[in-house]
$ cat work-v7.cif   # mmCIF, N, CA, C and O atoms
data_query
loop_
_atom_site.label_atom_id
_atom_site.label_comp_id
_atom_site.auth_asym_id
_atom_site.auth_seq_id
_atom_site.Cartn_x
_atom_site.Cartn_y
_atom_site.Cartn_z
N MET A 162 -13.49 14.42 -17.11
CA MET A 162 -13.47 13.27 -16.24
C MET A 162 -14.78 13.24 -15.45
O MET A 162 -15.20 14.23 -14.88
N ALA A 163 -15.37 12.06 -15.39
CA ALA A 163 -16.63 11.88 -14.68
C ALA A 163 -16.39 11.98 -13.17
O ALA A 163 -15.29 11.71 -12.68
N LEU A 164 -17.43 12.37 -12.46
CA LEU A 164 -17.33 12.55 -11.01
C LEU A 164 -16.87 11.28 -10.31
O LEU A 164 -16.02 11.32 -9.42
N HIS A 165 -17.41 10.12 -10.71
CA HIS A 165 -17.02 8.87 -10.05
C HIS A 165 -15.55 8.55 -10.29
O HIS A 165 -14.89 7.99 -9.41
N GLU A 166 -15.00 8.91 -11.44
CA GLU A 166 -13.57 8.70 -11.68
C GLU A 166 -12.73 9.64 -10.82
O GLU A 166 -11.71 9.23 -10.27
N LEU A 167 -13.17 10.88 -10.72
CA LEU A 167 -12.45 11.85 -9.89
C LEU A 167 -12.43 11.38 -8.43
O LEU A 167 -11.38 11.42 -7.78
N ILE A 168 -13.55 10.91 -7.94
CA ILE A 168 -13.62 10.39 -6.57
C ILE A 168 -12.71 9.18 -6.42
O ILE A 168 -11.99 9.05 -5.42
N GLY A 169 -12.68 8.31 -7.40
CA GLY A 169 -11.81 7.13 -7.36
C GLY A 169 -10.34 7.51 -7.31
O GLY A 169 -9.58 6.97 -6.50
N TYR A 170 -9.92 8.45 -8.15
CA TYR A 170 -8.52 8.88 -8.15
C TYR A 170 -8.16 9.59 -6.84
O TYR A 170 -7.07 9.38 -6.30
N LEU A 171 -9.07 10.40 -6.33
CA LEU A 171 -8.81 11.10 -5.07
C LEU A 171 -8.71 10.10 -3.91
O LEU A 171 -7.80 10.19 -3.08
N ALA A 172 -9.62 9.14 -3.88
CA ALA A 172 -9.56 8.11 -2.83
C ALA A 172 -8.26 7.31 -2.94
O ALA A 172 -7.61 7.04 -1.93
N ALA A 173 -7.88 6.95 -4.15
CA ALA A 173 -6.64 6.20 -4.37
C ALA A 173 -5.43 7.01 -3.90
O ALA A 173 -4.54 6.48 -3.21
N PHE A 174 -5.41 8.27 -4.24
CA PHE A 174 -4.31 9.15 -3.85
C PHE A 174 -4.21 9.26 -2.33
O PHE A 174 -3.14 9.09 -1.74
N LEU A 175 -5.33 9.51 -1.68
CA LEU A 175 -5.33 9.70 -0.23
C LEU A 175 -4.95 8.44 0.52
O LEU A 175 -4.14 8.48 1.47
N THR A 176 -5.51 7.30 0.14
CA THR A 176 -5.20 6.07 0.87
C THR A 176 -3.76 5.64 0.64
O THR A 176 -3.10 5.15 1.56
N THR A 177 -3.25 5.84 -0.57
CA THR A 177 -1.85 5.50 -0.83
C THR A 177 -0.92 6.44 -0.08
O THR A 177 0.05 6.00 0.55
N CYS A 178 -1.22 7.72 -0.11
CA CYS A 178 -0.38 8.70 0.60
C CYS A 178 -0.40 8.47 2.11
O CYS A 178 0.60 8.72 2.78
N SER A 179 -1.50 7.99 2.64
CA SER A 179 -1.57 7.75 4.07
C SER A 179 -0.62 6.64 4.51
O SER A 179 -0.21 6.59 5.67
N PHE A 180 -0.24 5.80 3.60
CA PHE A 180 0.64 4.68 3.90
C PHE A 180 2.11 5.08 3.84
O PHE A 180 2.96 4.44 4.46
N VAL A 181 2.43 6.13 3.13
CA VAL A 181 3.82 6.55 2.90
C VAL A 181 4.57 6.89 4.20
O VAL A 181 5.72 6.47 4.36
N PRO A 182 4.00 7.64 5.14
CA PRO A 182 4.77 7.96 6.36
C PRO A 182 5.26 6.73 7.13
O PRO A 182 6.38 6.71 7.60
N GLN A 183 4.41 5.71 7.24
CA GLN A 183 4.83 4.48 7.93
C GLN A 183 5.97 3.82 7.17
O GLN A 183 6.96 3.38 7.77
N ALA A 184 5.83 3.73 5.86
CA ALA A 184 6.88 3.11 5.05
C ALA A 184 8.18 3.90 5.16
O ALA A 184 9.25 3.32 5.37
N TRP A 185 8.11 5.21 5.07
CA TRP A 185 9.30 6.05 5.15
C TRP A 185 9.98 5.90 6.52
O TRP A 185 11.19 5.76 6.60
N HIS A 186 9.19 5.92 7.58
CA HIS A 186 9.74 5.76 8.93
C HIS A 186 10.46 4.41 9.06
O HIS A 186 11.55 4.33 9.62
N THR A 187 9.84 3.37 8.55
CA THR A 187 10.42 2.04 8.65
C THR A 187 11.70 1.93 7.82
O THR A 187 12.69 1.36 8.28
N PHE A 188 11.68 2.50 6.62
CA PHE A 188 12.89 2.48 5.78
C PHE A 188 14.04 3.23 6.46
O PHE A 188 15.18 2.79 6.46
N ARG A 189 13.70 4.38 7.02
CA ARG A 189 14.71 5.26 7.61
C ARG A 189 15.31 4.69 8.89
O ARG A 189 16.52 4.71 9.09
N THR A 190 14.47 4.18 9.77
CA THR A 190 14.93 3.74 11.09
C THR A 190 15.20 2.24 11.18
O THR A 190 15.88 1.81 12.12
N ARG A 191 14.63 1.48 10.28
CA ARG A 191 14.70 0.01 10.33
C ARG A 191 14.09 -0.53 11.63
O ARG A 191 14.39 -1.64 12.06
N ASP A 192 13.27 0.28 12.27
CA ASP A 192 12.59 -0.11 13.50
C ASP A 192 11.28 -0.79 13.14
O ASP A 192 10.34 -0.14 12.69
N VAL A 193 11.23 -2.09 13.34
CA VAL A 193 10.05 -2.85 12.98
C VAL A 193 9.35 -3.45 14.21
O VAL A 193 8.48 -4.30 14.07
N ARG A 194 9.75 -2.98 15.40
CA ARG A 194 9.16 -3.53 16.62
C ARG A 194 7.64 -3.36 16.67
O ARG A 194 6.94 -4.21 17.19
N GLY A 195 7.14 -2.25 16.16
CA GLY A 195 5.71 -1.98 16.22
C GLY A 195 4.93 -2.53 15.03
O GLY A 195 3.73 -2.31 14.92
N ILE A 196 5.60 -3.28 14.16
CA ILE A 196 4.95 -3.82 12.97
C ILE A 196 4.51 -5.24 13.25
O ILE A 196 5.30 -6.08 13.69
N SER A 197 3.25 -5.53 12.99
CA SER A 197 2.71 -6.87 13.18
C SER A 197 2.91 -7.69 11.90
O SER A 197 2.39 -7.32 10.84
N LEU A 198 3.65 -8.78 12.00
CA LEU A 198 3.89 -9.65 10.85
C LEU A 198 2.57 -10.21 10.31
O LEU A 198 2.34 -10.21 9.09
N GLY A 199 1.71 -10.66 11.21
CA GLY A 199 0.42 -11.20 10.78
C GLY A 199 -0.44 -10.18 10.08
O GLY A 199 -1.02 -10.44 9.03
N MET A 200 -0.53 -8.98 10.67
CA MET A 200 -1.37 -7.93 10.08
C MET A 200 -0.86 -7.53 8.71
O MET A 200 -1.62 -7.41 7.76
N TYR A 201 0.45 -7.32 8.59
CA TYR A 201 1.00 -6.90 7.29
C TYR A 201 0.89 -8.01 6.26
O TYR A 201 0.71 -7.74 5.07
N SER A 202 0.98 -9.27 6.67
CA SER A 202 0.82 -10.38 5.74
C SER A 202 -0.60 -10.41 5.18
O SER A 202 -0.80 -10.52 3.96
N VAL A 203 -1.57 -10.31 6.06
CA VAL A 203 -2.97 -10.31 5.63
C VAL A 203 -3.27 -9.06 4.81
O VAL A 203 -3.95 -9.12 3.77
N PHE A 204 -2.75 -7.92 5.24
CA PHE A 204 -2.95 -6.67 4.52
C PHE A 204 -2.40 -6.76 3.10
O PHE A 204 -3.07 -6.39 2.14
N ALA A 205 -1.18 -7.28 2.95
CA ALA A 205 -0.57 -7.41 1.62
C ALA A 205 -1.40 -8.34 0.73
O ALA A 205 -1.58 -8.06 -0.46
N CYS A 206 -1.91 -9.42 1.29
CA CYS A 206 -2.77 -10.32 0.51
C CYS A 206 -4.05 -9.60 0.07
O CYS A 206 -4.48 -9.74 -1.08
N GLY A 207 -4.64 -8.84 0.96
CA GLY A 207 -5.84 -8.09 0.62
C GLY A 207 -5.58 -7.05 -0.46
O GLY A 207 -6.37 -6.91 -1.41
N VAL A 208 -4.47 -6.35 -0.36
CA VAL A 208 -4.12 -5.35 -1.37
C VAL A 208 -3.86 -6.03 -2.71
O VAL A 208 -4.26 -5.52 -3.76
N ALA A 209 -3.21 -7.20 -2.69
CA ALA A 209 -2.97 -7.94 -3.93
C ALA A 209 -4.30 -8.33 -4.59
O ALA A 209 -4.44 -8.26 -5.82
N MET A 210 -5.27 -8.69 -3.78
CA MET A 210 -6.59 -9.04 -4.33
C MET A 210 -7.30 -7.81 -4.89
O MET A 210 -7.96 -7.89 -5.93
N TRP A 211 -7.17 -6.66 -4.20
CA TRP A 211 -7.74 -5.42 -4.75
C TRP A 211 -7.07 -5.07 -6.08
O TRP A 211 -7.72 -4.62 -7.02
N LEU A 212 -5.77 -5.29 -6.17
CA LEU A 212 -5.05 -5.04 -7.41
C LEU A 212 -5.58 -5.95 -8.52
O LEU A 212 -5.85 -5.48 -9.63
N ALA A 213 -5.74 -7.23 -8.23
CA ALA A 213 -6.28 -8.16 -9.22
C ALA A 213 -7.70 -7.75 -9.64
O ALA A 213 -8.04 -7.77 -10.84
N TYR A 214 -8.51 -7.36 -8.69
CA TYR A 214 -9.88 -6.89 -8.96
C TYR A 214 -9.85 -5.68 -9.88
O TYR A 214 -10.58 -5.62 -10.87
N GLY A 215 -9.00 -4.72 -9.57
CA GLY A 215 -8.89 -3.53 -10.40
C GLY A 215 -8.43 -3.87 -11.80
O GLY A 215 -8.93 -3.30 -12.78
N LEU A 216 -7.50 -4.80 -11.94
CA LEU A 216 -7.04 -5.22 -13.26
C LEU A 216 -8.16 -5.88 -14.06
O LEU A 216 -8.31 -5.63 -15.26
N MET A 217 -8.93 -6.72 -13.38
CA MET A 217 -10.04 -7.39 -14.06
C MET A 217 -11.08 -6.41 -14.57
O MET A 217 -11.70 -6.64 -15.62
N LEU A 218 -11.27 -5.32 -13.84
CA LEU A 218 -12.26 -4.31 -14.23
C LEU A 218 -11.66 -3.19 -15.07
O LEU A 218 -12.39 -2.32 -15.54
N SER A 219 -10.34 -3.21 -15.23
CA SER A 219 -9.63 -2.09 -15.87
C SER A 219 -9.95 -0.78 -15.16
O SER A 219 -10.13 0.25 -15.79
N ALA A 220 -10.02 -0.85 -13.84
CA ALA A 220 -10.31 0.32 -13.01
C ALA A 220 -8.98 0.90 -12.56
O ALA A 220 -8.40 0.49 -11.54
N TRP A 221 -8.46 1.86 -13.32
CA TRP A 221 -7.11 2.36 -13.11
C TRP A 221 -6.86 3.02 -11.77
O TRP A 221 -5.77 2.87 -11.23
N PRO A 222 -7.80 3.72 -11.17
CA PRO A 222 -7.53 4.24 -9.82
C PRO A 222 -7.25 3.11 -8.83
O PRO A 222 -6.35 3.21 -7.99
N ILE A 223 -7.98 2.02 -8.95
CA ILE A 223 -7.79 0.87 -8.06
C ILE A 223 -6.44 0.21 -8.37
O ILE A 223 -5.69 -0.15 -7.45
N VAL A 224 -6.13 0.05 -9.63
CA VAL A 224 -4.88 -0.59 -10.03
C VAL A 224 -3.67 0.21 -9.56
O VAL A 224 -2.76 -0.33 -8.92
N ILE A 225 -3.65 1.48 -9.86
CA ILE A 225 -2.50 2.32 -9.53
C ILE A 225 -2.28 2.39 -8.02
O ILE A 225 -1.17 2.17 -7.53
N ALA A 226 -3.34 2.69 -7.30
CA ALA A 226 -3.22 2.82 -5.84
C ALA A 226 -2.76 1.53 -5.20
O ALA A 226 -1.88 1.52 -4.34
N ASN A 227 -3.34 0.42 -5.60
CA ASN A 227 -3.01 -0.84 -4.97
C ASN A 227 -1.66 -1.38 -5.41
O ASN A 227 -0.99 -2.07 -4.64
N ALA A 228 -1.22 -1.07 -6.60
CA ALA A 228 0.12 -1.47 -7.03
C ALA A 228 1.18 -0.76 -6.18
O ALA A 228 2.13 -1.38 -5.69
N ILE A 229 0.99 0.54 -5.96
CA ILE A 229 1.93 1.30 -5.13
C ILE A 229 1.87 0.83 -3.68
O ILE A 229 2.91 0.57 -3.05
N THR A 230 0.67 0.70 -3.15
CA THR A 230 0.51 0.28 -1.76
C THR A 230 1.06 -1.13 -1.55
O THR A 230 1.70 -1.41 -0.52
N LEU A 231 0.84 -2.02 -2.51
CA LEU A 231 1.37 -3.38 -2.39
C LEU A 231 2.90 -3.36 -2.35
O LEU A 231 3.52 -4.05 -1.54
N GLY A 232 3.51 -2.55 -3.19
CA GLY A 232 4.96 -2.43 -3.17
C GLY A 232 5.47 -1.95 -1.83
O GLY A 232 6.43 -2.51 -1.27
N LEU A 233 4.83 -0.94 -1.26
CA LEU A 233 5.22 -0.42 0.05
C LEU A 233 5.00 -1.46 1.14
O LEU A 233 5.85 -1.66 2.01
N ALA A 234 3.85 -2.11 1.11
CA ALA A 234 3.53 -3.11 2.14
C ALA A 234 4.50 -4.29 2.08
O ALA A 234 4.95 -4.78 3.12
N LEU A 235 4.84 -4.73 0.88
CA LEU A 235 5.78 -5.84 0.75
C LEU A 235 7.18 -5.45 1.21
O LEU A 235 7.90 -6.26 1.80
N ALA A 236 7.56 -4.20 0.95
CA ALA A 236 8.86 -3.73 1.42
C ALA A 236 8.92 -3.71 2.95
O ALA A 236 9.90 -4.14 3.55
N ILE A 237 7.86 -3.22 3.57
CA ILE A 237 7.79 -3.21 5.04
C ILE A 237 7.78 -4.63 5.58
O ILE A 237 8.46 -4.96 6.55
N LEU A 238 7.02 -5.50 4.93
CA LEU A 238 6.95 -6.90 5.35
C LEU A 238 8.34 -7.56 5.23
O LEU A 238 8.76 -8.28 6.14
N ALA A 239 9.04 -7.28 4.16
CA ALA A 239 10.39 -7.82 3.99
C ALA A 239 11.32 -7.32 5.08
O ALA A 239 12.14 -8.09 5.62
N MET A 240 11.20 -6.04 5.43
CA MET A 240 12.05 -5.51 6.49
C MET A 240 11.67 -6.12 7.84
O MET A 240 12.55 -6.35 8.68
N LYS A 241 10.40 -6.37 8.07
CA LYS A 241 9.98 -7.01 9.31
C LYS A 241 10.60 -8.39 9.41
O LYS A 241 11.10 -8.78 10.47
N ILE A 242 10.60 -9.12 8.32
CA ILE A 242 11.18 -10.46 8.32
C ILE A 242 12.70 -10.38 8.49
O ILE A 242 13.28 -11.14 9.27
N ARG A 243 13.34 -9.45 7.83
CA ARG A 243 14.80 -9.32 7.88
C ARG A 243 15.30 -8.76 9.21
O ARG A 243 16.27 -9.27 9.79
N PHE A 244 14.67 -7.68 9.69
CA PHE A 244 15.17 -6.99 10.87
C PHE A 244 14.43 -7.35 12.15
O PHE A 244 14.85 -6.97 13.23
N GLY A 245 13.28 -8.01 12.02
CA GLY A 245 12.45 -8.28 13.19
C GLY A 245 12.87 -9.53 13.89
O GLY A 245 12.53 -9.86 14.97
#

$ encode --input "work-v7.cif" --output "structure tokens"
Amino acid sequence: MALHELIGYLAAFLTTCSFVPQAWHTFRTRDVRGISLGMYSVFACGVAMWLAYGLMLSAWPIVIANAITLGLALAILAMKIRFG
């Protein structure tokens, strides 16, 4: 594996993993008071665009990380709308 691919996969892993604690906390407690609807909406749109970009380039670290992050962000956004 080339160095740039390794860096891409590591970056994807770290940024995706950094999002998991917030998602887990929100799933577990259903506490969405500290979640900004506007911020998560814009964030989810940005992640969707990164996912599309990664697909267009066939850049799998970008695709995998953003697909997972988009799923988590949309789940949190849905809970914000439902419970907020």

$ residues_around --input "work-v7.cif" --residues "Trp211 of chain A" --least-positions-apart "5" --cutoff "7 Å" --atoms "only N, CA, C and O atoms" --output "ChimeraX atom specification"
/A:205-206,216-217,220,223-224,227

$ write_last_selection --input "work-v7.cif" --atoms "N, CA, C and O atoms" --output "PDB file, in the coordinates of the input"
ATOM      1  N   ALA A 205      -1.180  -7.280   2.950  1.00  0.00           N
ATOM      2  CA  ALA A 205      -0.570  -7.410   1.620  1.00  0.00           C
ATOM      3  C   ALA A 205      -1.400  -8.340   0.730  1.00  0.00           C
ATOM      4  O   ALA A 205      -1.580  -8.060  -0.460  1.00  0.00           O
ATOM      5  N   CYS A 206      -1.910  -9.420   1.290  1.00  0.00           N
ATOM      6  CA  CYS A 206      -2.770 -10.320   0.510  1.00  0.00           C
ATOM      7  C   CYS A 206      -4.050  -9.600   0.070  1.00  0.00           C
ATOM      8  O   CYS A 206      -4.480  -9.740  -1.080  1.00  0.00           O
ATOM      9  N   LEU A 216      -7.500  -4.800 -11.940  1.00  0.00           N
ATOM     10  CA  LEU A 216      -7.040  -5.220 -13.260  1.00  0.00           C
ATOM     11  C   LEU A 216      -8.160  -5.880 -14.060  1.00  0.00           C
ATOM     12  O   LEU A 216      -8.310  -5.630 -15.260  1.00  0.00           O
ATOM     13  N   MET A 217      -8.930  -6.720 -13.380  1.00  0.00           N
ATOM     14  CA  MET A 217     -10.040  -7.390 -14.060  1.00  0.00           C
ATOM     15  C   MET A 217     -11.080  -6.410 -14.570  1.00  0.00           C
ATOM     16  O   MET A 217     -11.700  -6.640 -15.620  1.00  0.00           O
ATOM     17  N   ALA A 220     -10.020  -0.850 -13.840  1.00  0.00           N
ATOM     18  CA  ALA A 220     -10.310   0.320 -13.010  1.00  0.00           C
ATOM     19  C   ALA A 220      -8.980   0.900 -12.560  1.00  0.00           C
ATOM     20  O   ALA A 220      -8.400   0.490 -11.540  1.00  0.00           O
ATOM     21  N   ILE A 223      -7.980   2.020  -8.950  1.00  0.00           N
ATOM     22  CA  ILE A 223      -7.790   0.870  -8.060  1.00  0.00           C
ATOM     23  C   ILE A 223      -6.440   0.210  -8.370  1.00  0.00           C
ATOM     24  O   ILE A 223      -5.690  -0.150  -7.450  1.00  0.00           O
ATOM     25  N   VAL A 224      -6.130   0.050  -9.630  1.00  0.00           N
ATOM     26  CA  VAL A 224      -4.880  -0.590 -10.030  1.00  0.00           C
ATOM     27  C   VAL A 224      -3.670   0.210  -9.560  1.00  0.00           C
ATOM     28  O   VAL A 224      -2.760  -0.330  -8.920  1.00  0.00           O
ATOM     29  N   ASN A 227      -3.340   0.420  -5.600  1.00  0.00           N
ATOM     30  CA  ASN A 227      -3.010  -0.840  -4.970  1.00  0.00           C
ATOM     31  C   ASN A 227      -1.660  -1.380  -5.410  1.00  0.00           C
ATOM     32  O   ASN A 227      -0.990  -2.070  -4.640  1.00  0.00           O
TER      33      ASN A 227
END

$ resolve_selection --input "work-v7.cif" --expression "the PyMOL selection byres ((chain A and resi 172-186) around 8)" --output "CSV table (one decimal) with N, CA, C and O atoms, in the coordinates of the input"
chain,number,residue,atom,x,y,z
A,165,HIS,N,-17.4,10.1,-10.7
A,165,HIS,CA,-17.0,8.9,-10.0
A,165,HIS,C,-15.6,8.6,-10.3
A,165,HIS,O,-14.9,8.0,-9.4
A,166,GLU,N,-15.0,8.9,-11.4
A,166,GLU,CA,-13.6,8.7,-11.7
A,166,GLU,C,-12.7,9.6,-10.8
A,166,GLU,O,-11.7,9.2,-10.3
A,167,LEU,N,-13.2,10.9,-10.7
A,167,LEU,CA,-12.4,11.8,-9.9
A,167,LEU,C,-12.4,11.4,-8.4
A,167,LEU,O,-11.4,11.4,-7.8
A,168,ILE,N,-13.6,10.9,-7.9
A,168,ILE,CA,-13.6,10.4,-6.6
A,168,ILE,C,-12.7,9.2,-6.4
A,168,ILE,O,-12.0,9.0,-5.4
A,169,GLY,N,-12.7,8.3,-7.4
A,169,GLY,CA,-11.8,7.1,-7.4
A,169,GLY,C,-10.3,7.5,-7.3
A,169,GLY,O,-9.6,7.0,-6.5
A,170,TYR,N,-9.9,8.4,-8.2
A,170,TYR,CA,-8.5,8.9,-8.2
A,170,TYR,C,-8.2,9.6,-6.8
A,170,TYR,O,-7.1,9.4,-6.3
A,171,LEU,N,-9.1,10.4,-6.3
A,171,LEU,CA,-8.8,11.1,-5.1
A,171,LEU,C,-8.7,10.1,-3.9
A,171,LEU,O,-7.8,10.2,-3.1
A,187,THR,N,9.8,3.4,8.6
A,187,THR,CA,10.4,2.0,8.6
A,187,THR,C,11.7,1.9,7.8
A,187,THR,O,12.7,1.4,8.3
A,188,PHE,N,11.7,2.5,6.6
A,188,PHE,CA,12.9,2.5,5.8
A,188,PHE,C,14.0,3.2,6.5
A,188,PHE,O,15.2,2.8,6.5
A,189,ARG,N,13.7,4.4,7.0
A,189,ARG,CA,14.7,5.3,7.6
A,189,ARG,C,15.3,4.7,8.9
A,189,ARG,O,16.5,4.7,9.1
A,190,THR,N,14.5,4.2,9.8
A,190,THR,CA,14.9,3.7,11.1
A,190,THR,C,15.2,2.2,11.2
A,190,THR,O,15.9,1.8,12.1
A,191,ARG,N,14.6,1.5,10.3
A,191,ARG,CA,14.7,0.0,10.3
A,191,ARG,C,14.1,-0.5,11.6
A,191,ARG,O,14.4,-1.6,12.1
A,192,ASP,N,13.3,0.3,12.3
A,192,ASP,CA,12.6,-0.1,13.5
A,192,ASP,C,11.3,-0.8,13.1
A,192,ASP,O,10.3,-0.1,12.7
A,193,VAL,N,11.2,-2.1,13.3
A,193,VAL,CA,10.0,-2.8,13.0
A,193,VAL,C,9.4,-3.4,14.2
A,193,VAL,O,8.5,-4.3,14.1
A,221,TRP,N,-8.5,1.9,-13.3
A,221,TRP,CA,-7.1,2.4,-13.1
A,221,TRP,C,-6.9,3.0,-11.8
A,221,TRP,O,-5.8,2.9,-11.2
A,222,PRO,N,-7.8,3.7,-11.2
A,222,PRO,CA,-7.5,4.2,-9.8
A,222,PRO,C,-7.2,3.1,-8.8
A,222,PRO,O,-6.4,3.2,-8.0
A,223,ILE,N,-8.0,2.0,-9.0
A,223,ILE,CA,-7.8,0.9,-8.1
A,223,ILE,C,-6.4,0.2,-8.4
A,223,ILE,O,-5.7,-0.2,-7.4
A,225,ILE,N,-3.6,1.5,-9.9
A,225,ILE,CA,-2.5,2.3,-9.5
A,225,ILE,C,-2.3,2.4,-8.0
A,225,ILE,O,-1.2,2.2,-7.5
A,226,ALA,N,-3.3,2.7,-7.3
A,226,ALA,CA,-3.2,2.8,-5.8
A,226,ALA,C,-2.8,1.5,-5.2
A,226,ALA,O,-1.9,1.5,-4.3
A,227,ASN,N,-3.3,0.4,-5.6
A,227,ASN,CA,-3.0,-0.8,-5.0
A,227,ASN,C,-1.7,-1.4,-5.4
A,227,ASN,O,-1.0,-2.1,-4.6
A,229,ILE,N,1.0,0.5,-6.0
A,229,ILE,CA,1.9,1.3,-5.1
A,229,ILE,C,1.9,0.8,-3.7
A,229,ILE,O,2.9,0.6,-3.0
A,230,THR,N,0.7,0.7,-3.2
A,230,THR,CA,0.5,0.3,-1.8
A,230,THR,C,1.1,-1.1,-1.6
A,230,THR,O,1.7,-1.4,-0.5
A,233,LEU,N,4.8,-0.9,-1.3
A,233,LEU,CA,5.2,-0.4,0.0
A,233,LEU,C,5.0,-1.5,1.1
A,233,LEU,O,5.8,-1.7,2.0
A,234,ALA,N,3.8,-2.1,1.1
A,234,ALA,CA,3.5,-3.1,2.1
A,234,ALA,C,4.5,-4.3,2.1
A,234,ALA,O,5.0,-4.8,3.1
A,236,ALA,N,7.6,-4.2,1.0
A,236,ALA,CA,8.9,-3.7,1.4
A,236,ALA,C,8.9,-3.7,3.0
A,236,ALA,O,9.9,-4.1,3.6
A,237,ILE,N,7.9,-3.2,3.6
A,237,ILE,CA,7.8,-3.2,5.0
A,237,ILE,C,7.8,-4.6,5.6
A,237,ILE,O,8.5,-5.0,6.6

$ resolve_selection --input "work-v7.cif" --expression "the PyMOL selection byres (((chain A and resi 244 and name CA) around 10) and name CA)" --output "ChimeraX atom specification"
/A:191-194,238-243,245

$ decode --input "work-v7.cif" --residues "segment 186-192 of chain A" --atoms "all heavy atoms" --output "PDB file, in the first residue's frame"
ATOM      1  N   HIS A 186     -23.551   8.384  22.569  1.00  0.00           N
ATOM      2  CA  HIS A 186     -24.173   9.113  23.683  1.00  0.00           C
ATOM      3  C   HIS A 186     -25.611   9.511  23.327  1.00  0.00           C
ATOM      4  O   HIS A 186     -26.524   9.372  24.143  1.00  0.00           O
ATOM      5  CB  HIS A 186     -23.347  10.352  24.023  1.00  0.00           C
ATOM      6  CG  HIS A 186     -23.977  11.230  25.058  1.00  0.00           C
ATOM      7  ND1 HIS A 186     -24.009  10.900  26.396  1.00  0.00           N
ATOM      8  CD2 HIS A 186     -24.634  12.412  24.942  1.00  0.00           C
ATOM      9  CE1 HIS A 186     -24.647  11.846  27.059  1.00  0.00           C
ATOM     10  NE2 HIS A 186     -25.028  12.774  26.197  1.00  0.00           N
ATOM     11  N   THR A 187     -25.799  10.009  22.132  1.00  0.00           N
ATOM     12  CA  THR A 187     -27.124  10.445  21.708  1.00  0.00           C
ATOM     13  C   THR A 187     -28.082   9.264  21.590  1.00  0.00           C
ATOM     14  O   THR A 187     -29.238   9.347  22.018  1.00  0.00           O
ATOM     15  CB  THR A 187     -27.040  11.207  20.372  1.00  0.00           C
ATOM     16  OG1 THR A 187     -26.100  12.285  20.522  1.00  0.00           O
ATOM     17  CG2 THR A 187     -28.377  11.794  19.974  1.00  0.00           C
ATOM     18  N   PHE A 188     -27.608   8.154  21.029  1.00  0.00           N
ATOM     19  CA  PHE A 188     -28.455   6.956  20.923  1.00  0.00           C
ATOM     20  C   PHE A 188     -28.865   6.459  22.306  1.00  0.00           C
ATOM     21  O   PHE A 188     -30.008   6.085  22.540  1.00  0.00           O
ATOM     22  CB  PHE A 188     -27.730   5.822  20.202  1.00  0.00           C
ATOM     23  CG  PHE A 188     -27.422   6.092  18.760  1.00  0.00           C
ATOM     24  CD1 PHE A 188     -26.267   5.591  18.197  1.00  0.00           C
ATOM     25  CD2 PHE A 188     -28.270   6.836  17.954  1.00  0.00           C
ATOM     26  CE1 PHE A 188     -25.955   5.832  16.866  1.00  0.00           C
ATOM     27  CE2 PHE A 188     -27.975   7.082  16.626  1.00  0.00           C
ATOM     28  CZ  PHE A 188     -26.812   6.582  16.079  1.00  0.00           C
ATOM     29  N   ARG A 189     -27.894   6.440  23.209  1.00  0.00           N
ATOM     30  CA  ARG A 189     -28.109   5.873  24.540  1.00  0.00           C
ATOM     31  C   ARG A 189     -29.027   6.738  25.399  1.00  0.00           C
ATOM     32  O   ARG A 189     -29.931   6.235  26.054  1.00  0.00           O
ATOM     33  CB  ARG A 189     -26.756   5.681  25.223  1.00  0.00           C
ATOM     34  CG  ARG A 189     -26.773   4.851  26.469  1.00  0.00           C
ATOM     35  CD  ARG A 189     -25.374   4.533  26.979  1.00  0.00           C
ATOM     36  NE  ARG A 189     -24.414   5.599  26.857  1.00  0.00           N
ATOM     37  CZ  ARG A 189     -24.249   6.578  27.745  1.00  0.00           C
ATOM     38  NH1 ARG A 189     -24.966   6.610  28.835  1.00  0.00           N
ATOM     39  NH2 ARG A 189     -23.344   7.509  27.541  1.00  0.00           N
ATOM     40  N   THR A 190     -28.807   8.040  25.392  1.00  0.00           N
ATOM     41  CA  THR A 190     -29.542   8.937  26.293  1.00  0.00           C
ATOM     42  C   THR A 190     -30.746   9.609  25.644  1.00  0.00           C
ATOM     43  O   THR A 190     -31.604  10.119  26.364  1.00  0.00           O
ATOM     44  CB  THR A 190     -28.610  10.049  26.813  1.00  0.00           C
ATOM     45  OG1 THR A 190     -28.220  10.877  25.713  1.00  0.00           O
ATOM     46  CG2 THR A 190     -27.405   9.472  27.525  1.00  0.00           C
ATOM     47  N   ARG A 191     -30.755   9.665  24.339  1.00  0.00           N
ATOM     48  CA  ARG A 191     -31.784  10.402  23.589  1.00  0.00           C
ATOM     49  C   ARG A 191     -31.790  11.894  23.969  1.00  0.00           C
ATOM     50  O   ARG A 191     -32.779  12.592  23.791  1.00  0.00           O
ATOM     51  CB  ARG A 191     -33.159   9.795  23.777  1.00  0.00           C
ATOM     52  CG  ARG A 191     -33.244   8.335  23.405  1.00  0.00           C
ATOM     53  CD  ARG A 191     -34.480   8.042  22.639  1.00  0.00           C
ATOM     54  NE  ARG A 191     -34.754   6.648  22.388  1.00  0.00           N
ATOM     55  CZ  ARG A 191     -34.124   5.878  21.512  1.00  0.00           C
ATOM     56  NH1 ARG A 191     -33.137   6.358  20.826  1.00  0.00           N
ATOM     57  NH2 ARG A 191     -34.479   4.623  21.319  1.00  0.00           N
ATOM     58  N   ASP A 192     -30.687  12.352  24.531  1.00  0.00           N
ATOM     59  CA  ASP A 192     -30.534  13.754  24.922  1.00  0.00           C
ATOM     60  C   ASP A 192     -29.981  14.527  23.738  1.00  0.00           C
ATOM     61  O   ASP A 192     -28.817  14.371  23.373  1.00  0.00           O
ATOM     62  CB  ASP A 192     -29.587  13.862  26.119  1.00  0.00           C
ATOM     63  CG  ASP A 192     -29.368  15.298  26.565  1.00  0.00           C
ATOM     64  OD1 ASP A 192     -30.082  16.202  26.076  1.00  0.00           O
ATOM     65  OD2 ASP A 192     -28.480  15.521  27.404  1.00  0.00           O
TER      66      ASP A 192
END
